[in-house]
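Here is the structure we will look at, set down as structure tokens.
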Amino acid sequence: MKRGKVFKITISAIGVAILAVLLLTCPGRRAHREAIIDAIGNDIVEKANLNNLGDAAKSLKYASYGLYNSAVNPCLRVMGYGLFSIGYINTGKEPEKKISFGILGHVFIKEKENIHRKFPLLAEPMPVAPEPSPENQK
């Protein structure tokens, strides 16, 4: 075989292998939902830590998984394009927005900070522990 023909076959094989990897590792709806739920949990834990809730915040994250799931599931739409996928949220209040991008088995969230506020079920402000009044400390 000629050198040029071997080179073309090698490049074609590498291209097919790369396309196969992208096709086989394209994240689906479940991966997008889990990444969004994890981002919501992390955001709420971060806010709870600012309110000095400590370990209770981590328990809150795992205990509230069902709530997060029921908030995300009806609003999430994932479009798979074979090589990558894009997650959209549609809450009915605003136009549909891109929220996540998935490629090679990973899902990247567009805006992690205050992500829970994008979902109507979770949009209520997080309760803040009241400051102890001087009268109650006696």
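Following the order of the structure tokens, first chain is A, next is B, and so on, with residues numbered from 1 inside each chain and ligands from 1 in the order they appear.
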
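Residues in contact with A:Arg33 at 8 Å, where only C-alpha atoms are counted and same-chain residues fewer than 4 positions away are skipped, are listed as Arg29, Ile37, Asn69, Val72, Asn73 and Leu76 of chain A.
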
Okay, now the selection with N, CA and C atoms, as a short mmCIF file (atom, residue, chain, number, x, y, z; two decimals), in the first residue's frame?
data_model
loop_
_atom_site.label_atom_id
_atom_site.label_comp_id
_atom_site.auth_asym_id
_atom_site.auth_seq_id
_atom_site.Cartn_x
_atom_site.Cartn_y
_atom_site.Cartn_z
N ARG A 29 -31.63 12.36 29.46
CA ARG A 29 -32.46 13.16 30.36
C ARG A 29 -32.14 12.89 31.83
N ILE A 37 -30.36 18.45 39.87
CA ILE A 37 -30.76 18.21 41.27
C ILE A 37 -29.56 18.34 42.19
N ASN A 69 -36.57 16.54 42.82
CA ASN A 69 -36.93 15.76 41.64
C ASN A 69 -38.31 16.17 41.12
N VAL A 72 -38.00 19.57 39.38
CA VAL A 72 -37.24 19.62 38.13
C VAL A 72 -37.94 18.84 37.02
N ASN A 73 -38.48 17.67 37.34
CA ASN A 73 -39.01 16.76 36.32
C ASN A 73 -40.01 17.40 35.36
N LEU A 76 -38.22 20.14 32.90
CA LEU A 76 -37.01 19.82 32.14
C LEU A 76 -37.34 19.16 30.81
#

Would you pick out the contacts of A:Glu34 at 12 Å or less, using only C-alpha atoms, so that residues sharing its chain but fewer than 3 positions from it are not included, and give the list as a short mmCIF file (atom, residue, chain, number, x, y, z; two decimals) with C-alpha atoms, in the first residue's frame?
data_model
loop_
_atom_site.label_atom_id
_atom_site.label_comp_id
_atom_site.auth_asym_id
_atom_site.auth_seq_id
_atom_site.Cartn_x
_atom_site.Cartn_y
_atom_site.Cartn_z
CA PRO A 27 -25.84 12.07 28.42
CA GLY A 28 -29.60 11.61 28.42
CA ARG A 29 -32.46 13.16 30.36
CA ARG A 30 -31.67 11.25 33.55
CA ALA A 31 -28.07 12.53 33.64
CA ILE A 37 -30.76 18.21 41.27
CA ASP A 38 -27.19 17.94 42.57
CA ALA A 39 -26.57 21.60 41.71
CA ILE A 40 -29.80 22.61 43.49
CA GLY A 41 -28.81 20.60 46.57
CA TYR A 65 -34.10 14.77 46.89
CA GLY A 66 -37.74 13.86 46.18
CA TYR A 68 -36.04 18.56 44.02
CA ASN A 69 -36.93 15.76 41.64
CA SER A 70 -40.62 16.72 41.59
CA VAL A 72 -37.24 19.62 38.13
CA ASN A 73 -39.01 16.76 36.32
CA LEU A 76 -37.01 19.82 32.14
CA GLY A 87 -31.23 20.66 28.71
CA SER A 100 -27.39 22.41 30.86
CA GLY A 102 -23.97 17.36 28.14
CA HIS A 106 -20.72 14.83 31.75
CA VAL A 107 -23.40 17.46 32.23
CA PHE A 108 -22.41 21.08 32.74
CA ILE A 109 -24.88 23.45 34.41
#

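Picture a line from atom CA of A:Ser12 to atom CA of A:Tyr81; it runs 21.7 Å.
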
If you count only C-alpha atoms, which residues fall within 9 Å of A:Cys75, apart from same-chain ones fewer than 6 positions away, as a PyMOL selection string?
chain A and resi 88-92+119

Preceding selection exported with N, CA and C atoms as a short mmCIF file (atom, residue, chain, number, x, y, z; two decimals), in the first residue's frame:
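Below you can see selection_26.cif, which holds the result:
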data_model
loop_
_atom_site.label_atom_id
_atom_site.label_comp_id
_atom_site.auth_asym_id
_atom_site.auth_seq_id
_atom_site.Cartn_x
_atom_site.Cartn_y
_atom_site.Cartn_z
N TYR A 88 -33.19 22.07 28.69
CA TYR A 88 -33.95 23.33 28.73
C TYR A 88 -34.93 23.27 29.90
N ILE A 89 -35.21 24.42 30.50
CA ILE A 89 -36.28 24.48 31.50
C ILE A 89 -37.38 25.39 30.97
N ASN A 90 -38.60 24.97 31.26
CA ASN A 90 -39.76 25.75 30.87
C ASN A 90 -40.71 25.74 32.05
N THR A 91 -40.77 26.84 32.78
CA THR A 91 -41.62 26.92 33.96
C THR A 91 -42.99 27.48 33.63
N GLY A 92 -43.17 27.95 32.42
CA GLY A 92 -44.45 28.54 32.03
C GLY A 92 -44.51 30.03 32.32
N PHE A 119 -37.01 27.17 39.53
CA PHE A 119 -38.11 26.21 39.55
C PHE A 119 -39.19 26.70 40.52
#

Could you state the separation of atom CA of A:Glu96 and atom CA of A:Ala35 in Å, given to one decimal place?
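Atom CA of A:Ala35 lies 18.5 Å from atom CA of A:Glu96.
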
Just how far from atom CA of A:Val78 is atom CA of A:His32, in Å to one decimal?
7.6 Å

Give the answer as one residue: which of A:Met79, A:Ser59, A:Pro95, A:Ala71 has the shortest atom-to-atom distance to A:Ile36, using only C-alpha atoms?
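Ranking A:Met79, A:Ser59, A:Pro95, A:Ala71 by distance to A:Ile36, first place goes to A:Ala71.
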
Among stretch 18-102 of chain A, which residues does DSSP mark as strand (DSSP E) when it is run on the backbone? Keep the chain and numbering as in the structure and answer as a PDB file with C-alpha atoms, in the first residue's frame.
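The result, written out as part38.pdb:
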ATOM      1  CA  LEU A  76     -37.011  19.823  32.138  1.00  0.00           C
ATOM      2  CA  ARG A  77     -36.737  19.016  28.441  1.00  0.00           C
ATOM      3  CA  VAL A  78     -33.566  17.468  27.035  1.00  0.00           C
ATOM      4  CA  MET A  79     -32.736  17.442  23.357  1.00  0.00           C
ATOM      5  CA  GLY A  80     -30.188  14.847  22.303  1.00  0.00           C
ATOM      6  CA  SER A  85     -27.310  17.082  24.486  1.00  0.00           C
ATOM      7  CA  ILE A  86     -28.842  20.303  25.777  1.00  0.00           C
ATOM      8  CA  GLY A  87     -31.233  20.656  28.710  1.00  0.00           C
ATOM      9  CA  TYR A  88     -33.946  23.327  28.734  1.00  0.00           C
ATOM     10  CA  ILE A  89     -36.283  24.477  31.497  1.00  0.00           C
ATOM     11  CA  LYS A  97     -34.070  28.645  28.710  1.00  0.00           C
ATOM     12  CA  LYS A  98     -30.961  26.544  28.221  1.00  0.00           C
ATOM     13  CA  ILE A  99     -29.816  25.254  31.586  1.00  0.00           C
ATOM     14  CA  SER A 100     -27.386  22.410  30.860  1.00  0.00           C
ATOM     15  CA  PHE A 101     -25.040  21.003  28.257  1.00  0.00           C
ATOM     16  CA  GLY A 102     -23.970  17.360  28.141  1.00  0.00           C
TER      17      GLY A 102
END
